[in-house]
>>> print(open('coords-v8.txt').read())   # compact mmCIF, C-alpha atoms
# COMPACT_ATOMS: atom_id res chain seq x y z
CA ASP I 37 43.12 -67.64 11.70
CA ASN I 38 40.35 -69.94 12.93
CA VAL I 39 38.06 -69.24 9.97
CA ASP I 40 37.85 -72.03 7.43
CA PRO I 41 37.50 -70.31 4.02
CA GLN I 42 36.03 -73.49 2.59
CA LYS I 43 33.13 -73.33 5.04
CA THR I 44 32.72 -69.58 5.29
CA LYS I 45 30.43 -67.46 3.13
CA VAL I 46 32.06 -64.11 2.40
CA VAL I 47 29.61 -61.28 1.76
CA GLU I 48 30.70 -58.04 0.11
CA ALA I 49 28.56 -55.49 1.93
CA ALA I 50 29.03 -52.81 -0.73
CA GLN I 51 27.97 -55.03 -3.63
CA GLY I 52 25.36 -53.22 -5.71
CA ILE I 53 26.06 -49.85 -4.08
CA GLU I 54 27.38 -47.03 -6.24
CA LEU I 55 30.57 -46.09 -4.43
CA ILE I 56 31.92 -42.56 -4.40
CA GLN I 57 35.49 -42.22 -5.65
CA ARG I 58 37.73 -40.02 -3.58
CA ALA I 59 39.46 -37.10 -5.26
CA THR I 60 43.20 -36.92 -5.86
CA GLY I 61 45.01 -34.98 -3.14
CA MET I 62 43.44 -32.46 -0.80
CA GLN I 63 40.46 -30.52 -2.07
CA LYS I 64 40.14 -26.89 -1.04
CA GLU I 65 36.36 -26.86 -1.18
CA GLY I 66 33.38 -29.15 -1.45
CA SER I 67 33.49 -32.44 0.37
CA GLY I 68 37.16 -32.06 1.23
CA GLN I 69 37.79 -35.76 0.61
CA ALA I 70 41.45 -36.70 0.56
CA GLY I 71 42.98 -39.70 -1.11
CA MET I 72 44.36 -41.11 -4.34
CA GLN I 73 42.11 -41.17 -7.35
CA GLY I 74 40.34 -44.51 -7.68
CA GLN I 75 40.00 -45.19 -3.96
CA ALA I 76 36.40 -45.75 -2.98
CA ASP I 77 35.03 -43.92 0.03
CA PRO I 78 34.11 -46.72 2.48
CA HIS I 79 31.67 -44.64 4.58
CA PHE I 80 28.53 -45.72 2.73
CA TRP I 81 26.43 -46.32 5.87
CA THR I 82 23.25 -44.42 4.95
CA PRO I 83 19.78 -45.85 5.62
CA ARG I 84 19.17 -46.37 1.90
CA ASN I 85 22.45 -48.21 1.44
CA MET I 86 21.91 -50.24 4.59
CA ILE I 87 18.69 -51.54 3.06
CA GLU I 88 20.77 -53.02 0.25
CA VAL I 89 23.25 -54.44 2.78
CA ALA I 90 20.39 -56.10 4.69
CA LYS I 91 19.14 -57.72 1.50
CA ARG I 92 22.61 -58.96 0.66
CA PHE I 93 23.19 -60.56 4.05
CA THR I 94 19.75 -62.16 4.04
CA GLU I 95 20.46 -63.77 0.70
CA ALA I 96 23.76 -65.11 2.00
CA LEU I 97 22.22 -66.48 5.20
CA ALA I 98 19.41 -68.17 3.29
CA GLU I 99 21.95 -69.72 0.95
CA VAL I 100 24.00 -71.34 3.71
CA ASP I 101 21.00 -72.10 5.95
CA PRO I 102 17.97 -72.61 3.69
CA ALA I 103 15.96 -74.29 6.46
CA HIS I 104 15.60 -70.91 8.18
CA LYS I 105 15.11 -68.78 5.05
CA ALA I 106 11.62 -67.64 6.05
CA GLU I 107 12.86 -66.48 9.47
CA TYR I 108 15.75 -64.55 7.93
CA GLU I 109 13.42 -62.86 5.47
CA LYS I 110 10.98 -61.93 8.24
CA ARG I 111 13.77 -60.28 10.21
CA ARG I 112 15.04 -58.56 7.06
CA ASP I 113 11.62 -57.07 6.36
CA ALA I 114 11.32 -55.75 9.93
CA TYR I 115 14.80 -54.26 9.78
CA ILE I 116 14.16 -52.65 6.41
CA ALA I 117 11.00 -51.07 7.81
CA SER I 118 13.08 -49.45 10.57
CA LEU I 119 15.64 -48.24 8.01
CA GLU I 120 12.89 -46.75 5.87
CA ALA I 121 11.66 -44.88 8.95
CA LEU I 122 15.18 -43.49 9.47
CA ASP I 123 15.26 -42.39 5.84
CA ARG I 124 11.90 -40.62 6.10
CA ASP I 125 12.83 -38.90 9.35
CA PHE I 126 16.17 -37.66 8.05
CA GLN I 127 14.59 -36.48 4.79
CA SER I 128 12.00 -34.57 6.83
CA LEU I 129 14.81 -32.98 8.85
CA VAL I 130 16.60 -31.93 5.66
CA ASN I 131 13.38 -30.53 4.19
CA GLU I 132 12.90 -28.30 7.22
CA ALA I 133 16.57 -27.31 7.54
CA LYS I 134 17.60 -23.67 7.28
CA TYR I 135 20.98 -24.64 5.81
CA LYS I 136 21.77 -27.17 3.09
CA GLU I 137 25.50 -27.25 3.74
CA PHE I 138 27.35 -28.42 6.80
CA TYR I 139 30.91 -28.15 8.06
CA VAL I 140 32.70 -31.11 9.62
CA SER I 141 36.26 -31.61 10.84
CA ARG I 142 36.77 -34.57 8.49
CA PRO I 143 34.40 -35.84 5.80
CA PRO I 144 32.78 -39.26 6.38
CA PHE I 145 29.34 -38.13 5.20
CA SER I 146 29.74 -37.89 1.42
CA TYR I 147 27.05 -40.50 0.73
CA LEU I 148 24.64 -38.87 3.15
CA ALA I 149 25.22 -35.48 1.55
CA LYS I 150 24.75 -36.84 -1.96
CA GLU I 151 21.56 -38.76 -1.20
CA TYR I 152 19.83 -35.94 0.64
CA GLY I 153 20.94 -32.99 -1.46
CA LEU I 154 23.37 -31.54 1.06
CA LYS I 155 26.87 -30.11 0.72
CA GLN I 156 29.53 -31.45 3.06
CA ILE I 157 32.43 -29.09 3.68
CA SER I 158 35.51 -30.51 5.37
CA ILE I 159 37.58 -28.16 7.49
CA ALA I 160 40.61 -30.35 6.78
CA GLY I 161 39.88 -29.99 3.07
CA LEU I 162 39.52 -26.22 3.30
CA LEU I 163 42.87 -25.91 5.06
CA GLY I 164 44.37 -27.99 2.26
CA THR I 165 47.57 -28.94 4.02
CA GLU I 166 48.93 -32.06 5.66
CA GLY I 167 51.13 -30.03 8.01
CA ALA I 168 50.12 -27.59 10.70
CA PRO I 169 47.91 -24.86 9.18
CA THR I 170 49.00 -21.26 9.39
CA ALA I 171 47.11 -18.59 11.29
CA GLN I 172 46.12 -17.05 7.96
CA GLN I 173 44.65 -20.34 6.70
CA ILE I 174 42.67 -20.80 9.90
CA GLN I 175 41.39 -17.24 9.73
CA ARG I 176 40.12 -17.74 6.17
CA VAL I 177 38.13 -20.79 7.30
CA VAL I 178 36.80 -18.91 10.32
CA GLU I 179 35.62 -16.07 8.08
CA GLN I 180 33.95 -18.52 5.68
CA ILE I 181 32.05 -20.21 8.51
CA ARG I 182 30.97 -16.86 9.93
CA ALA I 183 29.76 -15.74 6.51
CA SER I 184 27.80 -18.97 6.00
CA GLY I 185 25.79 -18.35 9.16
CA VAL I 186 25.82 -21.99 10.25
CA PRO I 187 25.42 -22.38 14.02
CA ALA I 188 27.75 -25.37 14.49
CA ILE I 189 30.42 -27.59 12.98
CA GLY I 190 30.70 -31.35 13.34
CA SER I 191 33.50 -33.44 14.78
CA ILE I 192 33.87 -37.21 14.74
CA TYR I 193 33.51 -39.28 17.91
CA GLY I 194 36.78 -40.88 18.94
CA THR I 195 38.97 -38.30 17.22
CA LYS I 196 40.62 -35.22 18.65
CA ASP I 197 40.91 -32.28 16.33
CA ASP I 198 42.43 -29.22 17.96
CA VAL I 199 42.24 -27.25 14.73
CA ALA I 200 38.49 -27.77 14.41
CA GLU I 201 38.07 -26.74 18.05
CA THR I 202 40.10 -23.60 17.38
CA VAL I 203 38.10 -22.77 14.26
CA ALA I 204 34.81 -23.24 16.11
CA SER I 205 35.95 -21.08 19.00
CA GLU I 206 37.13 -18.28 16.74
CA ALA I 207 33.98 -18.45 14.61
CA GLY I 208 31.74 -18.48 17.66
CA VAL I 209 29.94 -21.72 16.79
CA GLU I 210 29.25 -24.95 18.64
CA VAL I 211 31.15 -28.21 18.06
CA VAL I 212 28.74 -31.13 17.63
CA PRO I 213 30.03 -34.71 17.92
CA LEU I 214 28.92 -37.15 15.21
CA HIS I 215 29.37 -40.88 14.79
CA GLY I 216 31.36 -41.99 11.76
CA ILE I 217 29.22 -45.17 12.07
CA GLY I 218 31.77 -47.45 10.37
CA MET I 219 32.95 -48.55 13.80
CA VAL I 220 32.06 -48.07 17.47
CA ASP I 221 34.24 -47.98 20.55
CA LYS I 222 34.10 -50.64 23.26
CA GLU I 223 31.85 -48.57 25.50
CA LEU I 224 29.13 -48.22 22.88
CA PHE I 225 29.55 -51.85 21.83
CA ASP I 226 29.14 -53.06 25.39
CA LYS I 227 26.01 -50.94 25.75
CA GLY I 228 24.53 -52.68 22.71
CA PHE I 229 24.30 -49.61 20.49
CA THR I 230 22.84 -50.43 17.09
CA TYR I 231 23.13 -48.72 13.73
CA GLU I 232 19.73 -47.13 14.34
CA ASP I 233 20.87 -45.79 17.73
CA LEU I 234 23.97 -44.20 16.17
CA PHE I 235 22.09 -42.72 13.25
CA ARG I 236 19.38 -41.21 15.45
CA GLN I 237 22.06 -39.64 17.63
CA ASN I 238 23.60 -38.24 14.46
CA MET I 239 20.22 -36.83 13.48
CA GLU I 240 20.23 -34.76 16.66
CA GLY I 241 23.67 -33.48 15.69
CA PHE I 242 22.66 -32.72 12.11
CA ALA I 243 19.62 -30.84 13.36
CA LYS I 244 22.07 -28.42 15.00
CA LEU I 245 24.39 -28.31 11.99
CA LEU I 246 21.56 -27.61 9.56
CA GLY I 247 19.36 -25.42 11.74
CA ALA I 248 16.50 -27.90 11.92
CA GLU I 249 14.62 -29.87 14.56
CA THR I 250 14.41 -33.63 15.11
CA LYS I 251 11.06 -35.36 15.41
>>> encode(input="coords-v8.txt", output="structure tokens")
Amino acid sequence: DNVDPQKTKVVEAAQGIELIQRATGMQKEGSGQAGMQGQADPHFWTPRNMIEVAKRFTEALAEVDPAHKAEYEKRRDAYIASLEALDRDFQSLVNEAKYKEFYVSRPPFSYLAKEYGLKQISIAGLLGTEGAPTAQQIQRVVEQIRASGVPAIGSIYGTKDDVAETVASEAGVEVVPLHGIGMVDKELFDKGFTYEDLFRQNMEGFAKLLGAETK
């Protein structure tokens, strides 16, 4: 309420980024994205997309504060260099990975999967129901995970998913926590966690999901 729209520059972070449209209803396979057709998936926080976001914010800052344009651009270039390092490191991880598909309780990694040639499989999408899944549905997912050979499934920090825990236990695989990255809790915020910190922690998790090693 204290923001003056006449004096505030609004920046659309996703401008210039090709957004992924969510599928209609619950998918049984693939990414498992749920939602009405035409809704854009907001979880576009990959290193490559963050480079575009950094450029967009630098342009906006330079526009409202041209006296410090050179400083903003210097910081942008340094930040982009760190994002490019993240991109290279994750691509190297994917190149060395035993598996090119990964299972996750819910699917906030569609952009990551698309950019790096991976297949995201949502357990919620496989179950394909908004109510409590049946024992038979859970067993089918358990059998699919066992057959895939993957050593772990992912869960999202800050969410509790008893079904995913049950599936992992029955399938005999580890549950690996991952950051959705779109937001952080107060504890991480107070500790000063950055996007790079969160992504590198996720890399450790993806190394387990994909059967690879982090550098």
>>> closest_residue(input="coords-v8.txt", among="I:Ser205, I:Thr195, I:Thr94, I:Gln156", to="I:Leu245", atoms="only C-alpha atoms")
I:Gln156
>>> atom_distance(input="coords-v8.txt", atom1="atom CA of I:Asp77", atom2="atom CA of I:Gly153")
17.9 Å
>>> residues_around(input="coords-v8.txt", residues="stretch 221-232 of chain I", least_positions_apart="6", cutoff="10 Å", atoms="all atoms listed in the file", output="list in words")
Trp81, Thr82, Pro83, Met86, Tyr115, Ser118, Leu119, Ala121, Leu122, Tyr193, Gly194 and Asn238 of chain I
>>> closest_residue(input="coords-v8.txt", among="I:Met219, I:Ile87, I:Met239, I:Val130", to="I:Lys155", atoms="all atoms listed in the file")
I:Val130
>>> atom_distance(input="coords-v8.txt", atom1="atom CA of I:Gln173", atom2="atom CA of I:Ile192")
21.6 Å
>>> atom_distance(input="coords-v8.txt", atom1="atom CA of I:Pro143", atom2="atom CA of I:Val46")
28.6 Å
>>> residues_near_point(input="coords-v8.txt", point="(14.7, -65.0, 6.6)", cutoff="12 Å", atoms="all atoms listed in the file", output="list in words")
Ala90, Lys91, Arg92, Phe93, Thr94, Glu95, Ala96, Leu97, Ala98, Glu99, Val100, Asp101, Pro102, Ala103, His104, Lys105, Ala106, Glu107, Tyr108, Glu109, Lys110, Arg111, Arg112, Asp113, Ala114 and Tyr115 of chain I
>>> closest_residue(input="coords-v8.txt", among="I:Gln172, I:Thr44, I:Gln51, I:Ser158", to="I:Phe145", atoms="all atoms listed in the file")
I:Ser158
>>> residues_near_point(input="coords-v8.txt", point="(19.3, -36.4, 11.8)", cutoff="12 Å", atoms="all atoms listed in the file", output="PyMOL selection string")
chain I and resi 82-83+121-133+148-149+152+214-215+232-251
>>> write_last_selection(input="coords-v8.txt", atoms="C-alpha atoms", output="PDB file, keeping the file's coordinate frame")
ATOM      1  CA  THR I  82      23.250 -44.420   4.950  1.00  0.00           C
ATOM      2  CA  PRO I  83      19.780 -45.850   5.620  1.00  0.00           C
ATOM      3  CA  ALA I 121      11.660 -44.880   8.950  1.00  0.00           C
ATOM      4  CA  LEU I 122      15.180 -43.490   9.470  1.00  0.00           C
ATOM      5  CA  ASP I 123      15.260 -42.390   5.840  1.00  0.00           C
ATOM      6  CA  ARG I 124      11.900 -40.620   6.100  1.00  0.00           C
ATOM      7  CA  ASP I 125      12.830 -38.900   9.350  1.00  0.00           C
ATOM      8  CA  PHE I 126      16.170 -37.660   8.050  1.00  0.00           C
ATOM      9  CA  GLN I 127      14.590 -36.480   4.790  1.00  0.00           C
ATOM     10  CA  SER I 128      12.000 -34.570   6.830  1.00  0.00           C
ATOM     11  CA  LEU I 129      14.810 -32.980   8.850  1.00  0.00           C
ATOM     12  CA  VAL I 130      16.600 -31.930   5.660  1.00  0.00           C
ATOM     13  CA  ASN I 131      13.380 -30.530   4.190  1.00  0.00           C
ATOM     14  CA  GLU I 132      12.900 -28.300   7.220  1.00  0.00           C
ATOM     15  CA  ALA I 133      16.570 -27.310   7.540  1.00  0.00           C
ATOM     16  CA  LEU I 148      24.640 -38.870   3.150  1.00  0.00           C
ATOM     17  CA  ALA I 149      25.220 -35.480   1.550  1.00  0.00           C
ATOM     18  CA  TYR I 152      19.830 -35.940   0.640  1.00  0.00           C
ATOM     19  CA  LEU I 214      28.920 -37.150  15.210  1.00  0.00           C
ATOM     20  CA  HIS I 215      29.370 -40.880  14.790  1.00  0.00           C
ATOM     21  CA  GLU I 232      19.730 -47.130  14.340  1.00  0.00           C
ATOM     22  CA  ASP I 233      20.870 -45.790  17.730  1.00  0.00           C
ATOM     23  CA  LEU I 234      23.970 -44.200  16.170  1.00  0.00           C
ATOM     24  CA  PHE I 235      22.090 -42.720  13.250  1.00  0.00           C
ATOM     25  CA  ARG I 236      19.380 -41.210  15.450  1.00  0.00           C
ATOM     26  CA  GLN I 237      22.060 -39.640  17.630  1.00  0.00           C
ATOM     27  CA  ASN I 238      23.600 -38.240  14.460  1.00  0.00           C
ATOM     28  CA  MET I 239      20.220 -36.830  13.480  1.00  0.00           C
ATOM     29  CA  GLU I 240      20.230 -34.760  16.660  1.00  0.00           C
ATOM     30  CA  GLY I 241      23.670 -33.480  15.690  1.00  0.00           C
ATOM     31  CA  PHE I 242      22.660 -32.720  12.110  1.00  0.00           C
ATOM     32  CA  ALA I 243      19.620 -30.840  13.360  1.00  0.00           C
ATOM     33  CA  LYS I 244      22.070 -28.420  15.000  1.00  0.00           C
ATOM     34  CA  LEU I 245      24.390 -28.310  11.990  1.00  0.00           C
ATOM     35  CA  LEU I 246      21.560 -27.610   9.560  1.00  0.00           C
ATOM     36  CA  GLY I 247      19.360 -25.420  11.740  1.00  0.00           C
ATOM     37  CA  ALA I 248      16.500 -27.900  11.920  1.00  0.00           C
ATOM     38  CA  GLU I 249      14.620 -29.870  14.560  1.00  0.00           C
ATOM     39  CA  THR I 250      14.410 -33.630  15.110  1.00  0.00           C
ATOM     40  CA  LYS I 251      11.060 -35.360  15.410  1.00  0.00           C
TER      41      LYS I 251
END
>>> closest_atom_pairs(input="coords-v8.txt", of="stretch 97-153 of chain I", to="stretch 177-183 of chain I", cutoff="12 Å", atoms="all atoms listed in the file", output="CSV")
residue,atom,partner,partner_atom,distance
I:Glu137,CA,I:Ile181,CA,10.7
I:Phe138,CA,I:Ile181,CA,9.6
I:Tyr139,CA,I:Ile181,CA,8.0
I:Val140,CA,I:Ile181,CA,11.0
I:Ser141,CA,I:Val177,CA,11.5
>>> closest_residue(input="coords-v8.txt", among="I:Ala200, I:Pro213, I:Lys134, I:Arg142", to="I:Gly185", atoms="all atoms listed in the file")
I:Lys134
>>> build_atoms(input="coords-v8.txt", residues="stretch 178-197 of chain I", atoms="N, CA and C atoms", output="CSV table (one decimal), keeping the file's coordinate frame")
chain,number,residue,atom,x,y,z
I,178,VAL,N,37.7,-19.6,9.3
I,178,VAL,CA,36.8,-18.9,10.3
I,178,VAL,C,35.9,-17.9,9.6
I,179,GLU,N,36.4,-17.1,8.8
I,179,GLU,CA,35.6,-16.1,8.1
I,179,GLU,C,34.6,-16.7,7.2
I,180,GLN,N,34.9,-17.8,6.5
I,180,GLN,CA,34.0,-18.5,5.7
I,180,GLN,C,32.8,-19.1,6.5
I,181,ILE,N,33.1,-19.7,7.7
I,181,ILE,CA,32.0,-20.2,8.5
I,181,ILE,C,31.2,-19.1,9.0
I,182,ARG,N,31.8,-18.0,9.5
I,182,ARG,CA,31.0,-16.9,9.9
I,182,ARG,C,30.0,-16.4,8.8
I,183,ALA,N,30.6,-16.2,7.6
I,183,ALA,CA,29.8,-15.7,6.5
I,183,ALA,C,28.6,-16.7,6.1
I,184,SER,N,28.8,-18.0,6.3
I,184,SER,CA,27.8,-19.0,6.0
I,184,SER,C,26.6,-18.9,6.9
I,185,GLY,N,26.9,-18.5,8.2
I,185,GLY,CA,25.8,-18.4,9.2
I,185,GLY,C,25.5,-19.6,9.9
I,186,VAL,N,26.1,-20.7,9.6
I,186,VAL,CA,25.8,-22.0,10.2
I,186,VAL,C,26.1,-21.9,11.8
I,187,PRO,N,25.3,-22.5,12.6
I,187,PRO,CA,25.4,-22.4,14.0
I,187,PRO,C,26.4,-23.4,14.7
I,188,ALA,N,26.9,-24.3,13.9
I,188,ALA,CA,27.8,-25.4,14.5
I,188,ALA,C,28.6,-26.1,13.4
I,189,ILE,N,29.7,-26.7,13.9
I,189,ILE,CA,30.4,-27.6,13.0
I,189,ILE,C,30.5,-29.0,13.6
I,190,GLY,N,30.7,-30.0,12.8
I,190,GLY,CA,30.7,-31.4,13.3
I,190,GLY,C,32.1,-31.9,13.6
I,191,SER,N,32.3,-32.7,14.6
I,191,SER,CA,33.5,-33.4,14.8
I,191,SER,C,33.2,-34.9,14.9
I,192,ILE,N,34.1,-35.8,14.8
I,192,ILE,CA,33.9,-37.2,14.7
I,192,ILE,C,34.2,-37.8,16.1
I,193,TYR,N,33.3,-38.6,16.7
I,193,TYR,CA,33.5,-39.3,17.9
I,193,TYR,C,34.8,-40.1,17.8
I,194,GLY,N,35.6,-40.1,18.9
I,194,GLY,CA,36.8,-40.9,18.9
I,194,GLY,C,38.0,-40.2,18.3
I,195,THR,N,37.8,-39.0,17.8
I,195,THR,CA,39.0,-38.3,17.2
I,195,THR,C,39.1,-37.0,18.0
I,196,LYS,N,40.4,-36.5,18.0
I,196,LYS,CA,40.6,-35.2,18.6
I,196,LYS,C,41.2,-34.3,17.6
I,197,ASP,N,40.5,-33.2,17.4
I,197,ASP,CA,40.9,-32.3,16.3
I,197,ASP,C,41.0,-30.9,16.9
